[in-house]
>>> print(open('entry.tsv').read())   # TSV, N, CA and C atoms and all ligand atoms
chain	number	residue	atom	x	y	z
A	293	MET	N	13.57	8.33	26.19
A	293	MET	CA	12.54	7.68	25.36
A	293	MET	C	11.54	6.95	26.26
A	294	ASP	N	10.26	7.23	26.15
A	294	ASP	CA	9.31	6.51	27.00
A	294	ASP	C	8.89	5.20	26.34
A	295	SER	N	8.15	4.39	27.10
A	295	SER	CA	7.95	3.01	26.68
A	295	SER	C	7.16	2.88	25.38
A	296	ARG	N	6.23	3.80	25.11
A	296	ARG	CA	5.44	3.58	23.91
A	296	ARG	C	6.24	3.87	22.63
A	297	GLU	N	7.44	4.42	22.79
A	297	GLU	CA	8.26	4.68	21.62
A	297	GLU	C	9.23	3.54	21.32
A	298	GLU	N	9.11	2.45	22.10
A	298	GLU	CA	10.11	1.40	21.93
A	298	GLU	C	9.73	0.34	20.92
A	299	THR	N	8.51	0.39	20.43
A	299	THR	CA	8.14	-0.55	19.38
A	299	THR	C	7.67	0.21	18.15
A	300	CYS	N	7.85	-0.44	17.01
A	300	CYS	CA	7.43	0.15	15.76
A	300	CYS	C	5.91	0.30	15.77
A	301	GLN	N	5.41	1.46	15.37
A	301	GLN	CA	3.97	1.71	15.43
A	301	GLN	C	3.20	1.07	14.28
A	302	ALA	N	3.93	0.46	13.36
A	302	ALA	CA	3.24	-0.23	12.28
A	302	ALA	C	3.24	-1.74	12.48
A	303	CYS	N	4.40	-2.33	12.78
A	303	CYS	CA	4.46	-3.79	12.88
A	303	CYS	C	4.70	-4.26	14.30
A	304	GLY	N	4.96	-3.33	15.22
A	304	GLY	CA	5.14	-3.72	16.62
A	304	GLY	C	6.51	-4.29	16.94
A	305	SER	N	7.39	-4.31	15.95
A	305	SER	CA	8.72	-4.86	16.17
A	305	SER	C	9.49	-4.01	17.17
A	306	SER	N	10.21	-4.66	18.06
A	306	SER	CA	11.03	-3.89	19.00
A	306	SER	C	12.50	-4.13	18.75
A	307	SER	N	12.81	-4.81	17.66
A	307	SER	CA	14.22	-5.05	17.36
A	307	SER	C	14.73	-3.99	16.40
A	308	GLY	N	15.96	-3.61	16.59
A	308	GLY	CA	16.58	-2.64	15.69
A	308	GLY	C	16.19	-1.23	16.04
A	309	PRO	N	16.91	-0.28	15.47
A	309	PRO	CA	16.64	1.13	15.78
A	309	PRO	C	15.34	1.59	15.14
A	310	LEU	N	14.64	2.47	15.83
A	310	LEU	CA	13.43	3.05	15.27
A	310	LEU	C	13.75	4.45	14.80
A	311	SER	N	13.08	4.87	13.77
A	311	SER	CA	13.27	6.26	13.38
A	311	SER	C	11.93	6.98	13.36
A	312	LYS	N	12.01	8.25	13.69
A	312	LYS	CA	10.82	9.08	13.66
A	312	LYS	C	10.61	9.51	12.23
A	313	LEU	N	9.43	9.26	11.73
A	313	LEU	CA	9.18	9.61	10.34
A	313	LEU	C	9.19	11.13	10.19
A	314	SER	N	10.02	11.57	9.30
A	314	SER	CA	10.06	13.02	9.11
A	314	SER	C	9.03	13.43	8.06
A	315	LEU	N	8.28	14.43	8.37
A	315	LEU	CA	7.25	14.88	7.44
A	315	LEU	C	7.76	16.13	6.73
A	316	GLY	N	8.12	15.97	5.51
A	316	GLY	CA	8.65	17.12	4.78
A	316	GLY	C	7.72	17.48	3.65
A	317	LYS	N	8.25	17.39	2.45
A	317	LYS	CA	7.44	17.68	1.27
A	317	LYS	C	6.79	16.40	0.78
A	318	ASP	N	5.66	16.54	0.09
A	318	ASP	CA	5.06	15.35	-0.47
A	318	ASP	C	5.68	15.04	-1.84
A	319	PHE	N	5.14	14.04	-2.51
A	319	PHE	CA	5.71	13.58	-3.78
A	319	PHE	C	5.79	14.70	-4.81
A	320	PHE	N	4.87	15.61	-4.75
A	320	PHE	CA	4.84	16.69	-5.73
A	320	PHE	C	5.54	17.96	-5.23
A	321	GLY	N	6.28	17.82	-4.13
A	321	GLY	CA	7.07	18.92	-3.62
A	321	GLY	C	6.28	19.94	-2.82
A	322	ARG	N	5.06	19.58	-2.46
A	322	ARG	CA	4.24	20.50	-1.67
A	322	ARG	C	4.42	20.19	-0.20
A	323	PRO	N	4.14	21.18	0.67
A	323	PRO	CA	4.21	20.88	2.10
A	323	PRO	C	3.30	19.70	2.40
A	324	TYR	N	3.81	18.78	3.16
A	324	TYR	CA	3.16	17.49	3.33
A	324	TYR	C	1.75	17.58	3.90
A	325	ASP	N	1.53	18.48	4.85
A	325	ASP	CA	0.26	18.46	5.57
A	325	ASP	C	-0.94	18.91	4.72
A	326	ARG	N	-0.69	19.37	3.51
A	326	ARG	CA	-1.80	19.80	2.67
A	326	ARG	C	-2.78	18.68	2.37
A	327	LEU	N	-2.25	17.49	2.19
A	327	LEU	CA	-3.11	16.38	1.80
A	327	LEU	C	-3.41	15.42	2.95
A	328	SER	N	-2.88	15.74	4.11
A	328	SER	CA	-2.87	14.71	5.15
A	328	SER	C	-3.97	14.88	6.17
A	329	PRO	N	-4.47	13.77	6.62
A	329	PRO	CA	-5.37	13.86	7.78
A	329	PRO	C	-4.58	14.34	8.99
A	330	LEU	N	-5.26	14.94	9.93
A	330	LEU	CA	-4.58	15.50	11.10
A	330	LEU	C	-3.70	14.50	11.83
A	331	SER	N	-4.11	13.26	11.86
A	331	SER	CA	-3.36	12.26	12.61
A	331	SER	C	-1.93	12.12	12.09
A	332	ASP	N	-1.73	12.42	10.80
A	332	ASP	CA	-0.40	12.27	10.22
A	332	ASP	C	0.57	13.34	10.69
A	333	GLN	N	0.05	14.36	11.36
A	333	GLN	CA	0.96	15.39	11.83
A	333	GLN	C	1.64	15.00	13.14
A	334	ASN	N	1.11	13.96	13.77
A	334	ASN	CA	1.79	13.47	14.96
A	334	ASN	C	2.96	12.60	14.52
A	335	PRO	N	4.13	12.86	15.08
A	335	PRO	CA	5.27	12.03	14.69
A	335	PRO	C	5.04	10.59	15.10
A	336	LYS	N	5.44	9.68	14.24
A	336	LYS	CA	5.32	8.27	14.56
A	336	LYS	C	6.68	7.62	14.47
A	337	TRP	N	6.81	6.55	15.23
A	337	TRP	CA	8.08	5.84	15.26
A	337	TRP	C	7.95	4.54	14.50
A	338	TYR	N	8.84	4.35	13.54
A	338	TYR	CA	8.80	3.13	12.76
A	338	TYR	C	10.18	2.49	12.70
A	339	CYS	N	10.18	1.16	12.54
A	339	CYS	CA	11.45	0.48	12.31
A	339	CYS	C	11.90	0.80	10.88
A	340	ALA	N	13.11	0.41	10.54
A	340	ALA	CA	13.68	0.79	9.24
A	340	ALA	C	12.80	0.34	8.09
A	341	SER	N	12.33	-0.90	8.15
A	341	SER	CA	11.52	-1.43	7.06
A	341	SER	C	10.19	-0.68	6.94
A	342	CYS	N	9.54	-0.43	8.07
A	342	CYS	CA	8.26	0.26	8.02
A	342	CYS	C	8.42	1.72	7.59
A	343	SER	N	9.52	2.36	7.95
A	343	SER	CA	9.76	3.73	7.51
A	343	SER	C	9.80	3.79	6.00
A	344	MET	N	10.52	2.82	5.42
A	344	MET	CA	10.63	2.77	3.97
A	344	MET	C	9.24	2.57	3.35
A	345	HIS	N	8.48	1.63	3.92
A	345	HIS	CA	7.14	1.36	3.38
A	345	HIS	C	6.20	2.54	3.59
A	346	LYS	N	6.39	3.26	4.68
A	346	LYS	CA	5.53	4.41	4.93
A	346	LYS	C	5.77	5.47	3.85
A	347	ASN	N	7.02	5.63	3.46
A	347	ASN	CA	7.32	6.59	2.39
A	347	ASN	C	6.67	6.18	1.07
A	348	LEU	N	6.70	4.89	0.78
A	348	LEU	CA	6.04	4.40	-0.44
A	348	LEU	C	4.55	4.68	-0.37
A	349	HIS	N	3.98	4.43	0.81
A	349	HIS	CA	2.55	4.63	1.00
A	349	HIS	C	2.16	6.09	0.80
A	350	ARG	N	3.02	6.97	1.32
A	350	ARG	CA	2.77	8.41	1.21
A	350	ARG	C	2.77	8.83	-0.26
A	351	ASP	N	3.78	8.37	-1.00
A	351	ASP	CA	3.84	8.71	-2.42
A	351	ASP	C	2.63	8.14	-3.16
A	352	PHE	N	2.29	6.90	-2.83
A	352	PHE	CA	1.14	6.27	-3.48
A	352	PHE	C	-0.12	7.09	-3.24
A	353	ARG	N	-0.32	7.51	-2.00
A	353	ARG	CA	-1.53	8.25	-1.64
A	353	ARG	C	-1.58	9.60	-2.36
A	354	ASP	N	-0.43	10.27	-2.44
A	354	ASP	CA	-0.37	11.55	-3.16
A	354	ASP	C	-0.74	11.37	-4.62
A	355	ILE	N	-0.17	10.34	-5.23
A	355	ILE	CA	-0.41	10.10	-6.66
A	355	ILE	C	-1.88	9.73	-6.89
A	356	LEU	N	-2.42	8.88	-6.02
A	356	LEU	CA	-3.83	8.49	-6.13
A	356	LEU	C	-4.75	9.71	-6.03
A	357	ALA	N	-4.48	10.58	-5.08
A	357	ALA	CA	-5.33	11.77	-4.89
A	357	ALA	C	-5.30	12.66	-6.12
A	358	GLU	N	-4.11	12.83	-6.70
A	358	GLU	CA	-3.99	13.68	-7.88
A	358	GLU	C	-4.62	13.02	-9.10
A	359	PHE	N	-4.51	11.69	-9.17
A	359	PHE	CA	-5.12	10.99	-10.31
A	359	PHE	C	-6.65	11.07	-10.24
A	360	ASP	N	-7.19	10.98	-9.03
A	360	ASP	CA	-8.64	11.15	-8.86
A	360	ASP	C	-9.09	12.51	-9.38
A	361	LYS	N	-8.30	13.54	-9.06
A	361	LYS	CA	-8.65	14.89	-9.52
A	361	LYS	C	-8.57	14.98	-11.03
A	362	LEU	N	-7.53	14.35	-11.58
A	362	LEU	CA	-7.34	14.37	-13.03
A	362	LEU	C	-8.54	13.73	-13.72
A	363	GLN	N	-8.99	12.60	-13.19
A	363	GLN	CA	-10.13	11.89	-13.78
A	363	GLN	C	-11.42	12.69	-13.64
A	364	ALA	N	-11.48	13.51	-12.60
A	364	ALA	CA	-12.67	14.32	-12.38
A	364	ALA	C	-12.56	15.67	-13.10
A	365	SER	N	-11.53	15.78	-13.96
A	365	SER	CA	-11.28	17.01	-14.73
A	365	SER	C	-11.07	18.22	-13.83
A	366	GLN	N	-10.48	17.97	-12.66
A	366	GLN	CA	-10.12	19.08	-11.79
A	366	GLN	C	-8.63	19.39	-11.98
A	367	SER	N	-8.22	20.53	-11.46
A	367	SER	CA	-6.81	20.89	-11.53
A	367	SER	C	-5.98	19.85	-10.78
A	368	SER	N	-4.96	19.33	-11.44
A	368	SER	CA	-4.18	18.24	-10.86
A	368	SER	C	-2.71	18.39	-11.23
A	369	GLU	N	-1.85	17.99	-10.29
A	369	GLU	CA	-0.41	17.99	-10.59
A	369	GLU	C	-0.10	17.08	-11.78
A	370	LEU	N	-0.93	16.07	-11.95
A	370	LEU	CA	-0.68	15.09	-13.01
A	370	LEU	C	-1.10	15.57	-14.39
A	371	SER	N	-1.67	16.77	-14.46
A	371	SER	CA	-2.01	17.26	-15.78
A	371	SER	C	-0.77	17.76	-16.52
A	372	HIS	N	0.36	17.84	-15.83
A	372	HIS	CA	1.62	18.13	-16.50
A	372	HIS	C	2.24	16.80	-16.91
A	373	GLY	N	2.56	16.68	-18.20
A	373	GLY	CA	3.07	15.42	-18.73
A	373	GLY	C	4.27	14.86	-17.99
A	374	ASP	N	5.20	15.74	-17.59
A	374	ASP	CA	6.40	15.21	-16.94
A	374	ASP	C	6.10	14.71	-15.53
A	375	GLU	N	5.17	15.37	-14.83
A	375	GLU	CA	4.77	14.89	-13.50
A	375	GLU	C	4.03	13.56	-13.63
A	376	PHE	N	3.24	13.43	-14.67
A	376	PHE	CA	2.49	12.20	-14.91
A	376	PHE	C	3.46	11.03	-15.12
A	377	ARG	N	4.49	11.28	-15.94
A	377	ARG	CA	5.47	10.22	-16.20
A	377	ARG	C	6.25	9.87	-14.95
A	378	ARG	N	6.59	10.91	-14.16
A	378	ARG	CA	7.33	10.68	-12.93
A	378	ARG	C	6.49	9.84	-11.96
A	379	ALA	N	5.20	10.14	-11.90
A	379	ALA	CA	4.29	9.40	-11.01
A	379	ALA	C	4.19	7.95	-11.46
A	380	SER	N	4.10	7.74	-12.78
A	380	SER	CA	4.00	6.40	-13.31
A	380	SER	C	5.26	5.58	-13.00
A	381	LEU	N	6.41	6.21	-13.16
A	381	LEU	CA	7.67	5.53	-12.83
A	381	LEU	C	7.76	5.21	-11.35
A	382	ARG	N	7.29	6.12	-10.52
A	382	ARG	CA	7.33	5.90	-9.08
A	382	ARG	C	6.44	4.73	-8.69
A	383	LEU	N	5.27	4.63	-9.34
A	383	LEU	CA	4.37	3.50	-9.05
A	383	LEU	C	5.02	2.18	-9.44
A	384	GLN	N	5.72	2.18	-10.58
A	384	GLN	CA	6.41	0.96	-11.00
A	384	GLN	C	7.47	0.57	-9.98
A	385	GLU	N	8.17	1.60	-9.47
A	385	GLU	CA	9.21	1.37	-8.47
A	385	GLU	C	8.59	0.79	-7.19
A	386	ILE	N	7.47	1.37	-6.77
A	386	ILE	CA	6.78	0.90	-5.57
A	386	ILE	C	6.36	-0.56	-5.75
A	387	LEU	N	5.83	-0.85	-6.93
A	387	LEU	CA	5.39	-2.21	-7.23
A	387	LEU	C	6.56	-3.20	-7.21
A	388	THR	N	7.68	-2.78	-7.77
A	388	THR	CA	8.87	-3.63	-7.77
A	388	THR	C	9.29	-3.97	-6.34
A	389	ILE	N	9.25	-2.95	-5.47
A	389	ILE	CA	9.64	-3.18	-4.08
A	389	ILE	C	8.64	-4.09	-3.38
A	390	LEU	N	7.33	-3.84	-3.61
A	390	LEU	CA	6.29	-4.63	-2.93
A	390	LEU	C	6.32	-6.09	-3.34
A	391	THR	N	6.73	-6.36	-4.56
A	391	THR	CA	6.69	-7.74	-5.04
A	391	THR	C	8.01	-8.47	-4.78
A	392	ALA	N	8.98	-7.77	-4.21
A	392	ALA	CA	10.23	-8.43	-3.84
A	392	ALA	C	9.99	-9.33	-2.63
A	393	PRO	N	10.82	-10.37	-2.48
A	393	PRO	CA	10.64	-11.25	-1.32
A	393	PRO	C	10.83	-10.48	-0.01
A	394	GLN	N	10.10	-10.86	1.01
A	394	GLN	CA	10.22	-10.27	2.35
A	394	GLN	C	9.88	-8.79	2.38
A	395	GLN	N	9.04	-8.32	1.47
A	395	GLN	CA	8.71	-6.90	1.48
A	395	GLN	C	7.22	-6.65	1.64
A	396	GLN	N	6.58	-7.45	2.45
A	396	GLN	CA	5.17	-7.22	2.73
A	396	GLN	C	5.00	-5.86	3.40
A	397	SER	N	4.18	-5.01	2.81
A	397	SER	CA	3.99	-3.68	3.36
A	397	SER	C	2.87	-3.66	4.38
A	398	PRO	N	3.09	-3.03	5.54
A	398	PRO	CA	1.99	-2.90	6.50
A	398	PRO	C	0.96	-1.85	6.08
A	399	PHE	N	1.27	-1.10	5.02
A	399	PHE	CA	0.41	0.01	4.63
A	399	PHE	C	-0.29	-0.17	3.29
A	400	LEU	N	0.34	-0.92	2.39
A	400	LEU	CA	-0.14	-0.97	1.02
A	400	LEU	C	-0.36	-2.40	0.55
A	401	GLU	N	-1.42	-2.62	-0.23
A	401	GLU	CA	-1.64	-3.93	-0.82
A	401	GLU	C	-1.22	-3.87	-2.27
A	402	THR	N	-0.46	-4.87	-2.69
A	402	THR	CA	0.06	-4.89	-4.06
A	402	THR	C	-1.02	-4.71	-5.13
A	403	PRO	N	-2.18	-5.41	-5.05
A	403	PRO	CA	-3.19	-5.25	-6.12
A	403	PRO	C	-3.69	-3.82	-6.26
A	404	VAL	N	-3.72	-3.09	-5.17
A	404	VAL	CA	-4.19	-1.70	-5.22
A	404	VAL	C	-3.21	-0.85	-6.05
A	405	VAL	N	-1.92	-1.12	-5.86
A	405	VAL	CA	-0.90	-0.38	-6.61
A	405	VAL	C	-0.95	-0.79	-8.08
A	406	THR	N	-1.10	-2.10	-8.33
A	406	THR	CA	-1.18	-2.60	-9.70
A	406	THR	C	-2.34	-1.94	-10.43
A	407	ARG	N	-3.49	-1.83	-9.76
A	407	ARG	CA	-4.67	-1.26	-10.40
A	407	ARG	C	-4.45	0.20	-10.77
A	408	LEU	N	-3.86	0.96	-9.85
A	408	LEU	CA	-3.63	2.38	-10.14
A	408	LEU	C	-2.65	2.54	-11.31
A	409	LEU	N	-1.62	1.70	-11.32
A	409	LEU	CA	-0.64	1.77	-12.41
A	409	LEU	C	-1.31	1.46	-13.74
A	410	GLU	N	-2.19	0.46	-13.75
A	410	GLU	CA	-2.91	0.12	-14.98
A	410	GLU	C	-3.79	1.29	-15.44
A	411	GLN	N	-4.43	1.94	-14.47
A	411	GLN	CA	-5.28	3.08	-14.80
A	411	GLN	C	-4.45	4.22	-15.40
A	412	LEU	N	-3.27	4.44	-14.83
A	412	LEU	CA	-2.39	5.49	-15.36
A	412	LEU	C	-1.94	5.13	-16.77
A	413	ASP	N	-1.61	3.85	-16.96
A	413	ASP	CA	-1.10	3.40	-18.26
A	413	ASP	C	-2.14	3.58	-19.37
A	414	THR	N	-3.41	3.44	-19.03
A	414	THR	CA	-4.44	3.53	-20.06
A	414	THR	C	-5.06	4.92	-20.14
A	415	PHE	N	-4.56	5.83	-19.31
A	415	PHE	CA	-5.12	7.17	-19.30
A	415	PHE	C	-4.41	8.03	-20.35
A	416	THR	N	-5.18	8.79	-21.11
A	416	THR	CA	-4.57	9.70	-22.07
A	416	THR	C	-4.33	11.05	-21.41
A	417	VAL	N	-3.05	11.42	-21.33
A	417	VAL	CA	-2.71	12.67	-20.67
A	417	VAL	C	-3.22	13.84	-21.50
A	418	PRO	N	-3.99	14.72	-20.87
A	418	PRO	CA	-4.48	15.88	-21.61
A	418	PRO	C	-3.33	16.80	-22.03
A	419	VAL	N	-3.42	17.34	-23.21
A	419	VAL	CA	-2.34	18.20	-23.70
A	419	VAL	C	-2.59	19.64	-23.25
B	1	ZN	ZN	7.97	-1.93	11.72
>>> encode(input="entry.tsv", output="structure tokens", more="lines below")
Ligand SMILES: [Zn+2]
Amino acid sequence: MDSREETCQACGSSSGPLSKLSLGKDFFGRPYDRLSPLSDQNPKWYCASCSMHKNLHRDFRDILAEFDKLQASQSSELSHGDEFRRASLRLQEILTILTAPQQQSPFLETPVVTRLLEQLDTFTVPV
């Protein structure tokens, strides 16, 4: 392991084991790199807490991108009612984690998640 891999790339912590974020499928089960900027294809090293938050961030970003498409009347994963409900539940879960004590995310701001969840809640799913 070389020296630049010894600290978490999100919070800089050097305590505890680091894990390489595995890039698999995205929230909607698609190959991850479809929605990702090129930089995300480089493996990054995160501490346990940041790895967890990075996964939340990834799901949030996937859901946001699909919701934008839905609002623009484009083809979207969220146009399926069950995917829409799953996304809404996932956002609630993310929010619950973010608002827990000691869970400040280096990637996501709580109000941003709250706003998206509110938008989903007031959105009428097309039949
Ligand atoms: Zn970290």
>>> residues_near_ligand(input="entry.tsv", ligand="ligand ZN 1 (chain B)", cutoff="7 Å", atoms="only N, CA and C atoms and all ligand atoms", output="PyMOL selection string")
chain A and resi 299-305+338-343
>>> residues_around(input="entry.tsv", residues="Val405 in chain A", least_positions_apart="4", cutoff="8 Å", atoms="all atoms listed in the file", output="list in words")
Phe352, Leu383, Gln384, Ile386, Leu387, Leu400, Glu401, Leu409, Glu410 and Gln411 of chain A
>>> residues_around(input="entry.tsv", residues="Ser371 in chain A", least_positions_apart="3", cutoff="6.5 Å", atoms="all atoms listed in the file", output="PyMOL selection string")
chain A and resi 362+367-368+374+376+418
>>> residues_near_point(input="entry.tsv", point="(1.6, 14.5, -15.8)", cutoff="10 Å", atoms="only C-alpha atoms", output="compact mmCIF listing (two decimals) with N, CA and C atoms, keeping the file's coordinate frame")
# COMPACT_ATOMS: atom_id res chain seq x y z
N GLU A 358 -4.11 12.83 -6.70
CA GLU A 358 -3.99 13.68 -7.88
C GLU A 358 -4.62 13.02 -9.10
N PHE A 359 -4.51 11.69 -9.17
CA PHE A 359 -5.12 10.99 -10.31
C PHE A 359 -6.65 11.07 -10.24
N LEU A 362 -7.53 14.35 -11.58
CA LEU A 362 -7.34 14.37 -13.03
C LEU A 362 -8.54 13.73 -13.72
N SER A 368 -4.96 19.33 -11.44
CA SER A 368 -4.18 18.24 -10.86
C SER A 368 -2.71 18.39 -11.23
N GLU A 369 -1.85 17.99 -10.29
CA GLU A 369 -0.41 17.99 -10.59
C GLU A 369 -0.10 17.08 -11.78
N LEU A 370 -0.93 16.07 -11.95
CA LEU A 370 -0.68 15.09 -13.01
C LEU A 370 -1.10 15.57 -14.39
N SER A 371 -1.67 16.77 -14.46
CA SER A 371 -2.01 17.26 -15.78
C SER A 371 -0.77 17.76 -16.52
N HIS A 372 0.36 17.84 -15.83
CA HIS A 372 1.62 18.13 -16.50
C HIS A 372 2.24 16.80 -16.91
N GLY A 373 2.56 16.68 -18.20
CA GLY A 373 3.07 15.42 -18.73
C GLY A 373 4.27 14.86 -17.99
N ASP A 374 5.20 15.74 -17.59
CA ASP A 374 6.40 15.21 -16.94
C ASP A 374 6.10 14.71 -15.53
N GLU A 375 5.17 15.37 -14.83
CA GLU A 375 4.77 14.89 -13.50
C GLU A 375 4.03 13.56 -13.63
N PHE A 376 3.24 13.43 -14.67
CA PHE A 376 2.49 12.20 -14.91
C PHE A 376 3.46 11.03 -15.12
N ARG A 377 4.49 11.28 -15.94
CA ARG A 377 5.47 10.22 -16.20
C ARG A 377 6.25 9.87 -14.95
N ARG A 378 6.59 10.91 -14.16
CA ARG A 378 7.33 10.68 -12.93
C ARG A 378 6.49 9.84 -11.96
N ALA A 379 5.20 10.14 -11.90
CA ALA A 379 4.29 9.40 -11.01
C ALA A 379 4.19 7.95 -11.46
N SER A 380 4.10 7.74 -12.78
CA SER A 380 4.00 6.40 -13.31
C SER A 380 5.26 5.58 -13.00
N LEU A 412 -3.27 4.44 -14.83
CA LEU A 412 -2.39 5.49 -15.36
C LEU A 412 -1.94 5.13 -16.77
N VAL A 417 -3.05 11.42 -21.33
CA VAL A 417 -2.71 12.67 -20.67
C VAL A 417 -3.22 13.84 -21.50
N PRO A 418 -3.99 14.72 -20.87
CA PRO A 418 -4.48 15.88 -21.61
C PRO A 418 -3.33 16.80 -22.03
N VAL A 419 -3.42 17.34 -23.21
CA VAL A 419 -2.34 18.20 -23.70
C VAL A 419 -2.59 19.64 -23.25
>>> select_by_dssp(input="entry.tsv", residues="chain A", states="strand (DSSP E)", output="tab-separated table (two decimals) with N, CA and C atoms, keeping the file's coordinate frame")
chain	number	residue	atom	x	y	z
A	310	LEU	N	14.64	2.47	15.83
A	310	LEU	CA	13.43	3.05	15.27
A	310	LEU	C	13.75	4.45	14.80
A	311	SER	N	13.08	4.87	13.77
A	311	SER	CA	13.27	6.26	13.38
A	311	SER	C	11.93	6.98	13.36
A	312	LYS	N	12.01	8.25	13.69
A	312	LYS	CA	10.82	9.08	13.66
A	312	LYS	C	10.61	9.51	12.23
A	337	TRP	N	6.81	6.55	15.23
A	337	TRP	CA	8.08	5.84	15.26
A	337	TRP	C	7.95	4.54	14.50
A	338	TYR	N	8.84	4.35	13.54
A	338	TYR	CA	8.80	3.13	12.76
A	338	TYR	C	10.18	2.49	12.70
A	339	CYS	N	10.18	1.16	12.54
A	339	CYS	CA	11.45	0.48	12.31
A	339	CYS	C	11.90	0.80	10.88
>>> closest_residue(input="entry.tsv", among="A:Phe319, A:Ser307, A:Thr416, A:Lys312", to="Arg350 in chain A", atoms="all atoms listed in the file")
A:Phe319
>>> select_by_dssp(input="entry.tsv", residues="range 315-418 of chain A", states="helix (DSSP H, G or I)", output="number ranges by chain")
A: 324-326, 330-333, 340-363, 369-371, 373-390, 402-413
>>> atom_distance(input="entry.tsv", atom1="CA of Pro398 in chain A", atom2="CA of Leu381 in chain A")
21.8 Å
>>> atom_distance(input="entry.tsv", atom1="atom C of Thr406 in chain A", atom2="CA of Trp337 in chain A")
28.8 Å
>>> atom_distance(input="entry.tsv", atom1="atom N of Arg322 in chain A", atom2="atom N of Gln366 in chain A")
18.7 Å
>>> closest_residue(input="entry.tsv", among="A:Gly308, A:Arg382, A:Thr388, A:Pro393", to="Asp351 in chain A", atoms="only N, CA and C atoms")
A:Arg382
>>> closest_residue(input="entry.tsv", among="A:Gln394, A:Asn347, A:Thr414, A:Thr402", to="Lys317 in chain A", atoms="only C-alpha atoms")
A:Asn347
